[in-house]
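Enquirer: What follows is structure-v7.cif, made up of mmCIF, C-alpha atoms:
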data_entry
loop_
_atom_site.label_atom_id
_atom_site.label_comp_id
_atom_site.auth_asym_id
_atom_site.auth_seq_id
_atom_site.Cartn_x
_atom_site.Cartn_y
_atom_site.Cartn_z
CA MET A 237 20.72 -17.74 39.32
CA ASN A 238 17.04 -17.46 38.54
CA ALA A 239 14.30 -15.34 40.07
CA ALA A 240 12.03 -18.38 39.99
CA LEU A 241 9.02 -17.05 41.87
CA ILE A 242 7.88 -13.47 42.52
CA GLU A 243 4.75 -12.67 44.49
CA GLY A 244 3.20 -9.60 46.08
CA GLY A 245 0.25 -7.28 45.98
CA SER A 246 -3.45 -7.96 45.91
CA ALA A 247 -4.74 -6.01 42.88
CA PRO A 248 -3.33 -4.01 39.96
CA ASN A 249 -4.54 -0.70 41.44
CA VAL A 250 -3.08 -1.27 44.95
CA VAL A 251 0.50 -0.50 45.94
CA PRO A 252 1.79 -3.77 47.43
CA ASP A 253 3.02 -3.81 51.02
CA ARG A 254 5.52 -6.56 50.30
CA CYS A 255 7.27 -8.53 47.59
CA VAL A 256 8.65 -12.05 47.97
CA VAL A 257 11.25 -13.32 45.52
CA ASP A 258 12.45 -16.93 45.54
CA ILE A 259 15.82 -17.20 43.82
CA ASP A 260 17.05 -20.54 42.54
CA ARG A 261 20.84 -20.50 42.82
CA ARG A 262 22.49 -23.85 42.20
CA ILE A 263 25.55 -25.04 44.10
CA VAL A 264 28.60 -25.98 42.02
CA PRO A 265 31.25 -28.56 42.95
CA GLY A 266 33.56 -27.20 45.63
CA GLU A 267 30.98 -24.92 47.24
CA THR A 268 30.40 -26.19 50.75
CA SER A 269 29.75 -23.03 52.76
CA PRO A 270 26.23 -21.63 52.92
CA GLU A 271 27.69 -18.42 54.37
CA ALA A 272 29.94 -17.96 51.33
CA VAL A 273 27.03 -18.55 48.96
CA LEU A 274 24.90 -15.98 50.81
CA ALA A 275 27.67 -13.35 51.09
CA PRO A 276 26.95 -11.62 47.73
CA PHE A 277 23.25 -11.44 48.56
CA HIS A 278 24.00 -9.90 51.96
CA ALA A 279 26.27 -7.34 50.26
CA ILE A 280 23.41 -6.30 47.94
CA VAL A 281 21.07 -5.97 50.94
CA GLU A 282 23.57 -3.74 52.74
CA ASP A 283 23.83 -1.50 49.66
CA LEU A 284 20.04 -1.20 49.57
CA ARG A 285 19.91 -0.40 53.29
CA ARG A 286 22.36 2.45 52.77
CA ASP A 287 19.78 4.00 50.45
CA ASP A 288 16.82 3.17 52.72
CA PRO A 289 17.69 2.18 56.31
CA ASP A 290 14.07 1.17 56.97
CA VAL A 291 13.90 -1.42 54.20
CA ARG A 292 13.32 -4.96 55.45
CA ILE A 293 14.97 -7.67 53.40
CA ASP A 294 15.45 -11.20 54.70
CA VAL A 295 17.87 -13.59 53.03
CA GLU A 296 17.76 -17.28 53.83
CA ILE A 297 18.50 -20.67 52.33
CA ARG A 298 15.35 -22.76 52.30
CA GLU A 299 17.00 -25.87 50.93
CA TRP A 300 20.66 -26.82 50.57
CA THR A 301 21.63 -29.70 48.30
CA ASP A 302 25.28 -30.50 47.73
CA ALA A 303 26.50 -30.28 44.16
CA ALA A 304 26.71 -33.45 42.12
CA GLU A 305 29.98 -34.10 40.36
CA THR A 306 31.04 -36.66 37.77
CA SER A 307 34.63 -37.45 36.87
CA GLY A 308 35.89 -36.15 33.52
CA ASP A 309 36.40 -39.63 32.11
CA SER A 310 32.88 -40.82 32.93
CA GLU A 311 30.68 -42.01 30.05
CA VAL A 312 27.83 -39.83 31.34
#
Just give me the structure of the file as structure tokens.
Expert:
Amino acid sequence: MNAALIEGGSAPNVVPDRCVVDIDRRIVPGETSPEAVLAPFHAIVEDLRRDDPDVRIDVEIREWTDAAETSGDSEV
């Protein structure tokens, strides 16, 4: 998992009204359920909402690509 892109704010002396984080999380062989992949992220969001019920956090998959797999005896 990689916080690949973080953006927010308009100037160093202004408190930003939002923050957008794009996380790159690769799928491994055997993972076929987007809901299962998102479940840990939703759990973190629920923990944060317990601390601040007004926080707005959206979690979504922007692109799903199935994992590539090569057999163990492949020359690759």
Enquirer: With only C-alpha atoms as the basis for distance, which of A:Val251, A:Val264, A:Val281, A:Leu274 is at the shortest distance from Glu305 (chain A)?
Expert: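 Answer, going by the shortest atom-to-atom distance: A:Val264.
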Enquirer: Identify the residues around (19.1, -6.4, 53.7) within a radius of 9 Å, measuring from only C-alpha atoms in the coordinates stated by the file, and give them as a PDB file with C-alpha atoms, keeping the file's coordinate frame.
Expert:
ATOM      1  CA  PHE A 277      23.250 -11.440  48.560  1.00  0.00           C
ATOM      2  CA  HIS A 278      24.000  -9.900  51.960  1.00  0.00           C
ATOM      3  CA  ALA A 279      26.270  -7.340  50.260  1.00  0.00           C
ATOM      4  CA  ILE A 280      23.410  -6.300  47.940  1.00  0.00           C
ATOM      5  CA  VAL A 281      21.070  -5.970  50.940  1.00  0.00           C
ATOM      6  CA  GLU A 282      23.570  -3.740  52.740  1.00  0.00           C
ATOM      7  CA  ASP A 283      23.830  -1.500  49.660  1.00  0.00           C
ATOM      8  CA  LEU A 284      20.040  -1.200  49.570  1.00  0.00           C
ATOM      9  CA  ARG A 285      19.910  -0.400  53.290  1.00  0.00           C
ATOM     10  CA  VAL A 291      13.900  -1.420  54.200  1.00  0.00           C
ATOM     11  CA  ARG A 292      13.320  -4.960  55.450  1.00  0.00           C
ATOM     12  CA  ILE A 293      14.970  -7.670  53.400  1.00  0.00           C
ATOM     13  CA  ASP A 294      15.450 -11.200  54.700  1.00  0.00           C
ATOM     14  CA  VAL A 295      17.870 -13.590  53.030  1.00  0.00           C
TER      15      VAL A 295
END
Enquirer: With distances taken over all atoms listed in the file, which residue among A:Pro289, A:Val273, A:Ile263, A:Asn249 lies nearest Ala303 (chain A)?
Expert: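 Checking each candidate against Ala303 (chain A), we get A:Ile263 as the closest.
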Enquirer: What's the separation between CA of Val257 (chain A) and CA of Leu241 (chain A), in Å to one decimal place?
Expert: 5.7 Å
Enquirer: Could you tell me how far CA of Cys255 (chain A) lies from CA of Ile242 (chain A), in Å and to one decimal?
Expert: 7.1 Å
Enquirer: If the PyMOL selection byres ((chain A and resi 243) around 12) were run on this exact file, what residues would it hold? Put them as a PyMOL selection string.
Expert: chain A and resi 239-242+244-247+252-259
Enquirer: How many Å separate CA of Asn238 (chain A) from CA of Ala304 (chain A)?
Expert: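 Separation of CA of Asn238 (chain A) and CA of Ala304 (chain A): 19.0 Å.
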Enquirer: In terms of the shortest atom-to-atom distance over only C-alpha atoms, which of A:Asp260, A:Met237, A:Pro265, A:Gly308 is closest to Glu296 (chain A)?
Expert: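 Of A:Asp260, A:Met237, A:Pro265, A:Gly308, the one nearest Glu296 (chain A) is A:Asp260, counting only C-alpha atoms.
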